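Source file: start08.csv; contents: CSV, C-alpha atoms.
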```
chain,number,residue,atom,x,y,z
S,44,MET,CA,63.4,-51.4,62.7
S,45,THR,CA,62.5,-48.5,64.9
S,46,ILE,CA,63.6,-44.9,64.8
S,47,GLU,CA,65.8,-45.6,67.7
S,48,ASP,CA,67.7,-48.1,65.6
S,49,ALA,CA,68.0,-45.5,62.8
S,50,VAL,CA,69.4,-43.0,65.3
S,51,ARG,CA,71.9,-45.6,66.5
S,52,ARG,CA,73.0,-46.3,63.0
S,53,ALA,CA,73.3,-42.6,62.3
S,54,THR,CA,75.3,-42.1,65.5
S,55,ALA,CA,77.7,-44.8,64.4
S,56,LEU,CA,78.1,-43.3,61.0
S,57,ASP,CA,78.9,-39.9,62.5
S,58,GLY,CA,81.4,-41.5,64.8
S,59,VAL,CA,83.3,-42.9,61.8
S,60,LEU,CA,83.2,-39.6,60.1
S,61,LEU,CA,84.4,-37.7,63.2
S,62,THR,CA,87.5,-40.0,63.3
S,63,ARG,CA,88.1,-39.5,59.7
S,64,ILE,CA,87.9,-35.7,60.0
S,65,GLY,CA,90.2,-35.8,63.0
S,66,ASP,CA,92.8,-37.7,61.0
S,67,PHE,CA,92.4,-35.5,58.0
S,68,THR,CA,94.8,-32.6,57.4
S,69,LEU,CA,95.1,-30.0,54.7
S,70,GLU,CA,98.0,-27.7,53.7
S,71,ALA,CA,98.6,-24.5,55.7
S,72,PRO,CA,95.6,-22.1,55.5
S,73,HIS,CA,97.3,-19.7,53.2
S,74,LYS,CA,98.1,-22.5,50.8
S,75,VAL,CA,94.5,-23.8,50.9
S,76,PHE,CA,93.4,-20.2,50.1
S,77,SER,CA,95.8,-20.1,47.1
S,78,SER,CA,94.7,-23.5,45.9
S,79,ILE,CA,91.0,-22.5,46.0
S,80,ARG,CA,91.7,-19.2,44.3
S,81,ALA,CA,93.8,-20.9,41.6
S,82,TYR,CA,91.0,-23.5,41.2
S,83,LEU,CA,88.3,-20.8,40.8
S,84,ILE,CA,90.5,-18.7,38.4
S,85,ARG,CA,90.8,-21.8,36.2
S,86,ARG,CA,87.0,-22.3,36.3
S,87,ALA,CA,86.5,-18.6,35.6
S,88,ASP,CA,88.6,-19.0,32.5
S,89,GLU,CA,86.1,-21.6,31.3
S,90,THR,CA,83.0,-19.6,31.8
S,91,CYS,CA,81.6,-17.0,29.4
S,92,VAL,CA,80.0,-15.1,32.2
S,93,GLU,CA,82.4,-12.8,34.0
S,94,ASN,CA,83.9,-13.8,37.3
S,95,ASN,CA,86.7,-12.4,39.3
S,96,PRO,CA,87.8,-14.8,42.0
S,97,TRP,CA,90.9,-12.7,42.6
S,98,ALA,CA,88.7,-10.0,44.0
S,99,SER,CA,85.7,-11.9,45.4
S,100,LEU,CA,87.5,-14.8,47.3
S,101,LYS,CA,88.4,-13.4,50.7
S,102,PHE,CA,89.9,-14.6,53.9
S,103,THR,CA,90.1,-13.4,57.5
S,104,THR,CA,91.8,-14.7,60.6
S,105,ALA,CA,90.8,-14.9,64.2
S,106,SER,CA,92.6,-15.7,67.5
S,107,LYS,CA,94.0,-19.2,68.0
S,108,GLY,CA,94.9,-19.5,64.3
S,109,VAL,CA,91.4,-19.9,63.0
S,110,TRP,CA,90.8,-18.9,59.4
S,111,LEU,CA,87.7,-18.1,57.3
S,112,ILE,CA,87.9,-18.4,53.5
S,113,ALA,CA,84.7,-17.2,51.7
S,114,ILE,CA,83.3,-16.2,48.4
S,115,GLY,CA,79.9,-14.5,48.0
S,116,PRO,CA,77.7,-13.4,50.8
S,117,THR,CA,77.5,-15.2,54.1
S,118,ILE,CA,73.7,-15.4,53.8
S,119,ASP,CA,72.4,-16.1,50.3
S,120,ASP,CA,69.5,-13.8,49.9
S,121,GLY,CA,69.7,-13.5,46.2
S,122,ASP,CA,72.2,-12.9,43.5
S,123,THR,CA,75.2,-10.6,44.2
S,124,PRO,CA,78.3,-9.6,42.2
S,125,ASP,CA,80.4,-11.4,44.7
S,126,HIS,CA,78.9,-14.8,43.9
S,127,PHE,CA,80.7,-17.1,41.5
S,128,HIS,CA,78.4,-17.3,38.5
S,129,PHE,CA,78.0,-20.2,36.1
S,130,ASP,CA,77.0,-20.1,32.4
S,131,SER,CA,74.0,-22.2,33.4
S,132,GLY,CA,72.6,-19.3,35.4
S,133,ALA,CA,73.5,-21.0,38.7
S,134,ARG,CA,75.5,-19.2,41.4
S,135,LEU,CA,77.8,-20.3,44.2
S,136,SER,CA,78.8,-18.9,47.6
S,137,PHE,CA,80.8,-20.7,50.3
S,138,GLY,CA,82.6,-20.2,53.5
S,139,LEU,CA,85.0,-22.6,55.2
S,140,THR,CA,86.9,-22.4,58.4
S,141,LEU,CA,90.2,-23.9,59.1
S,142,GLN,CA,92.4,-24.3,62.2
S,143,ASP,CA,96.0,-23.5,61.6
S,144,ASP,CA,98.1,-26.4,62.8
S,145,GLY,CA,101.7,-25.5,62.1
S,146,ASN,CA,102.5,-26.3,58.5
S,147,ARG,CA,99.1,-27.9,58.1
S,148,SER,CA,95.5,-27.1,58.9
S,149,ARG,CA,92.4,-28.9,60.0
S,150,LEU,CA,88.9,-28.5,58.7
S,151,VAL,CA,86.6,-26.9,61.3
S,152,SER,CA,83.4,-26.3,59.2
S,153,PHE,CA,82.2,-25.4,55.8
S,154,ARG,CA,79.1,-24.5,53.8
S,155,TYR,CA,78.9,-24.4,50.1
S,156,GLN,CA,75.7,-23.1,48.7
S,157,TYR,CA,75.0,-23.7,45.0
S,158,ASN,CA,71.8,-22.1,43.8
S,159,LEU,CA,70.4,-23.6,40.7
S,160,PRO,CA,69.0,-21.3,38.0
S,161,ASN,CA,65.5,-20.0,38.4
S,162,GLY,CA,62.9,-22.6,37.5
S,163,LYS,CA,65.1,-25.6,38.3
S,164,SER,CA,64.3,-28.0,41.0
S,165,PRO,CA,65.6,-28.3,43.7
S,166,SER,CA,66.3,-24.6,44.0
S,167,PHE,CA,69.6,-25.1,45.9
S,168,LEU,CA,72.1,-27.6,47.1
S,169,ARG,CA,74.1,-26.9,50.3
S,170,PHE,CA,77.0,-28.9,51.5
S,171,ASP,CA,77.6,-28.4,55.2
S,172,LEU,CA,80.2,-29.6,57.7
S,173,ASN,CA,79.3,-28.7,61.3
S,174,ARG,CA,81.8,-28.1,64.0
S,175,ALA,CA,80.5,-30.8,66.3
S,176,LEU,CA,78.2,-33.8,66.5
S,177,HIS,CA,74.5,-33.0,66.8
S,178,GLU,CA,72.4,-34.6,69.5
S,179,ASN,CA,70.4,-36.3,66.8
S,180,PRO,CA,72.7,-37.4,63.9
S,181,LEU,CA,69.8,-38.9,62.1
S,182,THR,CA,68.3,-35.5,61.3
S,183,GLU,CA,71.5,-33.6,61.4
S,184,PRO,CA,74.6,-35.6,60.4
S,185,LEU,CA,78.0,-34.0,61.0
S,186,CYS,CA,78.6,-33.5,57.3
S,187,HIS,CA,75.6,-33.3,55.1
S,188,LEU,CA,73.9,-32.2,51.9
S,189,HIS,CA,70.7,-30.1,51.9
S,190,PRO,CA,68.9,-31.1,48.7
S,191,GLY,CA,66.9,-27.9,48.4
S,192,LEU,CA,65.2,-28.4,51.7
S,193,GLU,CA,66.5,-26.6,54.8
S,194,LYS,CA,65.4,-29.3,57.2
S,195,VAL,CA,66.6,-32.3,55.1
S,196,ARG,CA,70.2,-33.2,55.7
S,197,LEU,CA,71.7,-36.3,53.9
S,198,PRO,CA,75.1,-37.5,55.2
S,199,LEU,CA,78.2,-36.8,53.1
S,200,PHE,CA,81.8,-38.1,53.2
S,201,LEU,CA,83.5,-35.3,51.3
S,202,HIS,CA,86.2,-33.5,53.1
S,203,HIS,CA,88.7,-31.7,51.0
S,204,PRO,CA,87.5,-28.2,50.0
S,205,LEU,CA,88.3,-28.9,46.4
S,206,GLU,CA,86.3,-32.1,46.4
S,207,ILE,CA,83.1,-30.2,46.9
S,208,LEU,CA,83.9,-27.8,44.1
S,209,ASP,CA,84.7,-30.7,41.9
S,210,ARG,CA,81.2,-32.1,42.3
S,211,ILE,CA,79.6,-28.7,41.9
S,212,PHE,CA,81.6,-27.7,38.8
S,213,PHE,CA,82.0,-31.1,37.0
S,214,VAL,CA,79.0,-33.0,38.1
S,215,VAL,CA,76.0,-30.9,39.2
S,216,ASP,CA,76.4,-27.9,36.9
S,217,LYS,CA,77.3,-30.0,33.9
S,218,ASN,CA,74.0,-31.9,34.2
S,219,LEU,CA,71.4,-29.2,34.6
D,265,MET,CA,108.7,3.2,42.3
D,266,PRO,CA,106.5,4.9,39.7
D,267,GLU,CA,108.3,3.5,36.7
D,268,PHE,CA,107.2,-0.1,37.3
D,269,SER,CA,103.7,-1.5,36.8
D,270,ILE,CA,101.9,-3.1,39.7
D,271,GLN,CA,101.0,-6.7,39.2
D,272,SER,CA,99.2,-9.3,41.3
D,273,SER,CA,100.8,-12.6,41.9
D,274,VAL,CA,98.2,-14.1,39.7
D,275,ASP,CA,99.3,-11.7,36.9
D,276,ILE,CA,102.9,-12.9,37.4
D,277,ALA,CA,101.8,-16.5,37.2
D,278,ARG,CA,99.8,-15.8,34.0
D,279,ARG,CA,102.9,-14.2,32.4
D,280,LEU,CA,105.0,-17.2,33.2
D,281,GLU,CA,102.3,-19.5,31.9
D,282,ILE,CA,102.1,-17.7,28.6
D,283,ARG,CA,105.9,-17.9,28.2
D,284,GLY,CA,105.7,-21.7,28.7
D,285,PRO,CA,107.4,-24.1,31.2
D,286,ASP,CA,110.8,-23.8,29.6
D,287,SER,CA,110.8,-20.1,29.1
D,288,ARG,CA,114.1,-19.4,30.9
D,289,SER,CA,112.4,-16.3,32.3
D,290,TRP,CA,114.2,-13.9,34.5
D,291,ILE,CA,111.9,-11.6,36.5
D,292,LEU,CA,112.5,-9.0,39.2
D,293,LEU,CA,109.7,-8.5,41.7
D,294,LEU,CA,109.5,-5.6,44.1
D,295,PRO,CA,107.2,-6.0,47.1
D,296,SER,CA,104.8,-3.1,47.6
D,297,LEU,CA,105.3,-1.1,50.7
D,298,SER,CA,102.6,-3.1,52.5
D,299,GLY,CA,104.2,-6.4,51.4
D,300,GLY,CA,107.0,-8.1,53.3
D,301,ASP,CA,107.3,-11.8,54.3
D,302,SER,CA,103.6,-12.5,54.1
D,303,ALA,CA,103.5,-11.1,50.5
D,304,ARG,CA,106.4,-13.4,49.6
D,305,ILE,CA,104.7,-16.4,51.2
D,306,GLY,CA,101.5,-15.5,49.3
D,307,LEU,CA,103.4,-15.2,46.0
D,308,VAL,CA,105.0,-18.6,46.4
D,309,ALA,CA,101.6,-20.2,47.3
D,310,ASP,CA,99.9,-18.6,44.3
D,311,LEU,CA,102.7,-19.5,41.9
D,312,SER,CA,102.7,-23.1,43.1
D,313,ALA,CA,98.9,-23.4,42.9
D,314,LEU,CA,98.4,-21.7,39.6
D,315,LEU,CA,101.4,-23.1,37.7
D,316,GLN,CA,101.1,-26.5,39.5
D,317,ARG,CA,104.9,-26.6,39.8
D,318,ASP,CA,107.3,-26.7,42.7
D,319,VAL,CA,108.6,-23.3,43.8
D,320,ARG,CA,111.8,-23.2,45.7
D,321,LEU,CA,113.0,-20.2,47.8
D,322,PHE,CA,116.6,-19.1,48.2
D,323,ASP,CA,117.7,-16.5,50.7
D,324,LEU,CA,120.4,-14.5,49.1
D,325,LYS,CA,121.7,-13.5,52.5
D,326,ASN,CA,122.5,-17.1,53.4
D,327,THR,CA,123.9,-18.5,50.1
D,328,SER,CA,126.9,-18.3,47.9
D,329,SER,CA,127.0,-18.1,44.1
D,330,GLU,CA,128.5,-21.6,43.9
D,331,HIS,CA,125.7,-23.1,46.0
D,332,LEU,CA,123.1,-21.3,43.9
D,333,VAL,CA,124.5,-22.6,40.6
D,334,GLU,CA,124.4,-26.1,41.9
D,335,ALA,CA,120.9,-25.8,43.5
D,336,LEU,CA,119.3,-24.0,40.5
D,337,ASN,CA,120.3,-26.9,38.3
D,338,GLN,CA,119.0,-29.7,40.5
D,339,PRO,CA,116.4,-29.5,39.2
D,340,ASN,CA,116.5,-26.8,36.5
D,341,ASP,CA,112.9,-26.7,35.6
D,342,ASP,CA,111.0,-25.6,38.7
D,343,VAL,CA,110.4,-22.1,39.8
D,344,ALA,CA,113.2,-20.5,41.7
D,345,VAL,CA,112.6,-17.5,43.9
D,346,LEU,CA,115.8,-15.7,45.0
D,347,PHE,CA,114.9,-13.3,47.8
D,348,ALA,CA,116.6,-10.7,50.0
D,349,ASN,CA,115.0,-8.5,52.7
D,350,VAL,CA,117.9,-6.1,52.5
D,351,SER,CA,120.2,-5.2,49.6
D,352,PRO,CA,122.7,-8.0,49.0
D,353,GLU,CA,126.4,-7.2,49.2
D,354,PRO,CA,128.0,-5.9,46.0
D,355,LYS,CA,130.4,-8.8,46.2
D,356,LEU,CA,127.5,-11.3,45.9
D,357,TRP,CA,126.0,-9.5,42.9
D,358,SER,CA,129.4,-9.4,41.2
D,359,SER,CA,130.0,-13.1,41.8
D,360,LEU,CA,126.5,-14.0,40.5
D,361,ASP,CA,127.1,-11.8,37.5
D,362,VAL,CA,130.3,-13.6,36.6
D,363,MET,CA,128.5,-16.9,36.9
D,364,ARG,CA,125.4,-15.8,35.1
D,365,SER,CA,125.7,-18.4,32.3
D,366,ALA,CA,125.9,-21.2,34.8
D,367,LEU,CA,122.7,-19.8,36.4
D,368,GLU,CA,120.7,-20.1,33.2
D,369,ARG,CA,118.1,-22.8,33.5
D,370,LYS,CA,114.8,-23.9,31.9
D,371,GLY,CA,112.5,-22.8,34.7
D,372,PRO,CA,112.0,-19.2,35.7
D,373,VAL,CA,114.3,-17.3,38.0
D,374,ILE,CA,112.5,-14.8,40.1
D,375,PHE,CA,114.3,-12.2,42.2
D,376,TRP,CA,112.3,-10.8,45.1
D,377,LEU,CA,114.1,-7.7,46.3
D,378,PRO,CA,113.4,-4.4,48.0
D,379,ALA,CA,113.1,-1.6,45.6
D,380,ASP,CA,116.3,0.0,46.7
D,381,CYS,CA,118.2,-3.1,45.5
D,382,VAL,CA,117.6,-2.2,41.8
D,383,ALA,CA,120.4,0.3,41.7
D,384,GLY,CA,122.9,-2.2,43.2
D,385,LEU,CA,121.8,-4.9,40.9
D,386,SER,CA,122.3,-2.6,37.8
D,387,GLU,CA,125.6,-1.4,39.0
D,388,HIS,CA,127.2,-4.7,40.2
D,389,ALA,CA,125.4,-7.3,38.1
D,390,PRO,CA,124.8,-5.6,34.7
D,391,ASN,CA,124.5,-8.8,32.9
D,392,ILE,CA,121.8,-10.2,35.2
D,393,ARG,CA,120.1,-6.9,34.9
D,394,SER,CA,120.2,-7.4,31.1
D,395,PHE,CA,118.7,-10.9,31.5
D,396,ILE,CA,115.8,-9.4,33.4
D,397,GLY,CA,115.3,-6.6,30.9
D,398,GLY,CA,111.9,-5.0,31.3
D,399,SER,CA,110.5,-7.7,33.4
D,400,ILE,CA,110.4,-5.7,36.6
D,401,TYR,CA,107.1,-5.4,38.5
D,402,ILE,CA,105.8,-4.3,41.8
D,403,VAL,CA,103.7,-7.0,43.4
D,404,GLY,CA,100.6,-5.5,44.7
D,405,GLY,CA,96.9,-6.2,45.4
D,406,ASP,CA,95.2,-6.9,48.7
D,407,GLY,CA,95.8,-10.6,48.4
D,408,GLY,CA,92.2,-11.4,49.4
D,409,LEU,CA,92.3,-10.1,53.0
D,410,MET,CA,88.8,-9.1,54.2
D,411,THR,CA,88.6,-5.5,55.3
D,412,ALA,CA,86.8,-4.4,58.4
D,413,GLU,CA,84.0,-3.3,56.2
D,414,ASP,CA,83.8,-6.8,54.6
D,415,ARG,CA,83.5,-8.3,58.1
D,416,GLN,CA,80.9,-5.8,59.3
D,417,LYS,CA,78.8,-6.5,56.2
D,418,ARG,CA,78.9,-10.3,56.8
D,419,LEU,CA,78.1,-9.8,60.5
D,420,GLY,CA,75.1,-7.6,59.5
D,421,GLU,CA,73.8,-10.5,57.3
D,422,LEU,CA,74.1,-12.9,60.1
D,423,THR,CA,72.4,-10.6,62.6
D,424,LYS,CA,69.5,-10.0,60.2
D,425,ARG,CA,69.0,-13.7,59.4
D,426,TYR,CA,69.2,-15.0,62.9
D,427,GLY,CA,67.9,-12.1,65.0
D,428,LEU,CA,70.8,-12.4,67.4
D,429,THR,CA,73.4,-9.8,68.4
D,430,ASN,CA,77.1,-10.4,68.4
D,431,GLU,CA,77.1,-10.3,72.2
D,432,GLU,CA,74.4,-13.0,72.3
D,433,ILE,CA,76.5,-15.2,70.0
D,434,VAL,CA,79.6,-14.8,72.2
D,435,GLN,CA,77.5,-15.6,75.3
D,436,ARG,CA,76.1,-18.7,73.8
D,437,ALA,CA,79.5,-19.8,72.7
D,438,GLU,CA,80.9,-19.2,76.2
D,439,SER,CA,78.1,-21.2,77.7
D,440,LYS,CA,78.5,-23.9,75.1
D,441,THR,CA,75.0,-23.6,73.9
D,442,LEU,CA,75.8,-22.2,70.4
D,443,SER,CA,74.8,-24.3,67.4
D,444,SER,CA,77.8,-25.8,65.7
D,445,GLU,CA,76.4,-25.1,62.2
D,446,PRO,CA,78.8,-23.4,59.8
D,447,HIS,CA,77.2,-19.9,60.0
D,448,PHE,CA,77.7,-19.7,63.7
D,449,ILE,CA,81.4,-20.8,63.4
D,450,GLU,CA,81.9,-18.1,60.8
D,451,TRP,CA,80.2,-15.6,63.1
D,452,LEU,CA,82.8,-16.3,65.8
D,453,VAL,CA,85.6,-16.0,63.3
D,454,LEU,CA,84.3,-12.7,62.0
D,455,LEU,CA,84.2,-11.4,65.6
D,456,GLY,CA,87.9,-12.5,65.9
D,457,ARG,CA,86.9,-15.1,68.6
D,458,GLY,CA,88.8,-18.1,67.4
D,459,ASP,CA,89.2,-19.1,71.0
D,460,LEU,CA,85.4,-19.9,71.1
D,461,VAL,CA,85.3,-21.9,67.9
```

Would you kindly transcribe this structure into C-alpha cells?
Amino acid sequence: MTIEDAVRRATALDGVLLTRIGDFTLEAPHKVFSSIRAYLIRRADETCVENNPWASLKFTTASKGVWLIAIGPTIDDGDTPDHFHFDSGARLSFGLTLQDDGNRSRLVSFRYQYNLPNGKSPSFLRFDLNRALHENPLTEPLCHLHPGLEKVRLPLFLHHPLEILDRIFFVVDKNL
Amino acid sequence: MPEFSIQSSVDIARRLEIRGPDSRSWILLLPSLSGGDSARIGLVADLSALLQRDVRLFDLKNTSSEHLVEALNQPNDDVAVLFANVSPEPKLWSSLDVMRSALERKGPVIFWLPADCVAGLSEHAPNIRSFIGGSIYIVGGDGGLMTAEDRQKRLGELTKRYGLTNEEIVQRAESKTLSSEPHFIEWLVLLGRGDLV
C-alpha cells in the first residue's frame, strides 16, 4: 500500500512490456514508411482540409541501420504546414525510430503528438515509447500517454505505428 | 526523356486504382536518373501499401518467356513488375512479343526499364509496345528522403528547446547519461549517430 509497492508494480509492468517489445518486429523500414504514407494518404483523402503526406512525411537514416520516420516538426511549437491537419482543427506530428534488422525492423522509440483544437481540453495527447527503462517506471513508464500534462505519463501497450494512428484518427478525433 | 511525364509511385498507384483491380493494365515505367534499385524497391513498397495487393518482381535478365507466361498466370491478378537494369536482349523481346496473348492477365503488368530500352522494345516487341500505348511514365519525386536542410531545421528545434548543443548530446550518449526519451533518440539519428542509439 506504499509508493514503494506502486514502483514495484510499475517495474513489473515495464518488464513485461520490454519483453513484448523485444519480441515484436515490423516489416523492413522502407516498407513501414510506405505503409504509413499509404495510411496517411487514405486519411488525407477523407479530410476536407488539405494535407499532402507525400511531401510532408519524411525519413532519414543513420549509421547501424537506424531510421527516423517523421511528419511535422520535431518540436511542436504551434501549427505548421507540415503537420497533418484534421477537419476538427486538430493537428498531428510524429517521429518514430526503427532499427533495421535484415528484412524486418524493430521499434526503437516513437512520439506521436496530437494537438486538440483551440479551446479543447486537454490541449494535447502524446504517445511516447522511450528507448530504455526509466529508473522510476511509476512516473515514467517505457511506453506511455501524456494526457495533456507534460509530467503525467500513463502506461500504454500499443506498439505498431499504425495502431497509434488508428486510435488518433478513428477514436480520439471522431469524438471531439 | 522529355516526352514522358514524371509521376510519383503514388500517382502510379492511383492510376491503377482508378482502372480497377482487373484492369489488365500494361504500363512502362522509366526510373529517373537518380533512381535505381532503391527507387524500384520504393515503388514496390508503395504499390503494395496503397493497393493492398501482392506485388511480384521478375528480373528479365534471369527469366525466359515460358517461365514468365507460367508465373504471370499463377496467380493472374496480383501486380507484376518486370524489370531490367540493362536493356534485355532482342531475342527476349521478340519471344515475349510472340507470346503476348499468353502474357495477358487480370492484374497489371508493369515494366521497369532504363529509358534506353524503349527503342528496343518498340523495335523488337511492337505488339507489347502497343499494349502499353501511352502509359509510359518517368518515376520521380524525392520519395520522402530528408534533405540536409530538413535535418538542420529539426536539429535547430531540438537545440532551442533543450538548450543543449549537438556535441553535448553526443557526449551524454557516449557517457550513457542521455535521456532515452524519443526526442533525444531522434537527435542522435539526425546527427547520423545510429551507433549511439

Between S:Ala71, S:Ala98, S:Ile46, S:Ile64, which residue has the minimum interatomic distance to chain D, considering only C-alpha atoms?
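The answer is S:Ala98, which sits nearest to chain D.
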
Residue neighbourhood D:Leu314, 9 Å, all atoms listed in the file, exclusion window fewer than 4 positions, as a list in words
Ser77, Ser78, Arg80, Ala81, Tyr82, Ile84 and Arg85 of chain S; Val274, Ala277, Arg278, Glu281, Ala309 and Asp310 of chain D

Using only C-alpha atoms, please write the residues we just selected to a file, as a CSV table (one decimal), in the frame of the given file.
```
chain,number,residue,atom,x,y,z
S,77,SER,CA,95.8,-20.1,47.1
S,78,SER,CA,94.7,-23.5,45.9
S,80,ARG,CA,91.7,-19.2,44.3
S,81,ALA,CA,93.8,-20.9,41.6
S,82,TYR,CA,91.0,-23.5,41.2
S,84,ILE,CA,90.5,-18.7,38.4
S,85,ARG,CA,90.8,-21.8,36.2
D,274,VAL,CA,98.2,-14.1,39.7
D,277,ALA,CA,101.8,-16.5,37.2
D,278,ARG,CA,99.8,-15.8,34.0
D,281,GLU,CA,102.3,-19.5,31.9
D,309,ALA,CA,101.6,-20.2,47.3
D,310,ASP,CA,99.9,-18.6,44.3
```

Counting only C-alpha atoms, the residue among D:Gly306, D:Gly371, D:Gly404, D:Pro354 that lies closest to chain S is D:Gly306

Got a sec to pull out which chain S residues are within 10 Å of chain D, counting all atoms listed in the file, and send them as a ChimeraX atom specification?
/S:71,73-82,84-85,96-113,115-120,138-140,142,151-155,171-177,183,185-186

For stretch 321-323 of chain D, list every protein, DNA or RNA residue within 12 Å, evaluated using all atoms listed in the file, and leave out those in the same chain fewer than 6 positions away; present the list as JSON, numbers by chain.
{"D": [301, 304, 305, 307, 308, 309, 311, 312, 329, 331, 332, 333, 335, 336, 342, 343, 344, 345, 346, 347, 348, 349, 350, 351, 352, 373, 374, 375, 376, 377]}

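Atom CA of D:Ile396 sits 17.0 Å away from atom CA of D:Asp275.
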
Could you list, as a PyMOL selection string, every residue within 12 Å of stretch 66-68 of chain S, counting all atoms listed in the file and ignoring same-chain residues fewer than 2 positions away?
chain S and resi 59-64+70-72+75+141-151+200-204

So the first atom is atom CA of D:Ile291 and the second is atom CA of D:Asp380; what is the distance between them in Å, to one decimal place?
16.1 Å

Take atom CA of S:Leu192 and atom CA of S:Ser166 and report the distance between them in Å, one decimal.
8.7 Å
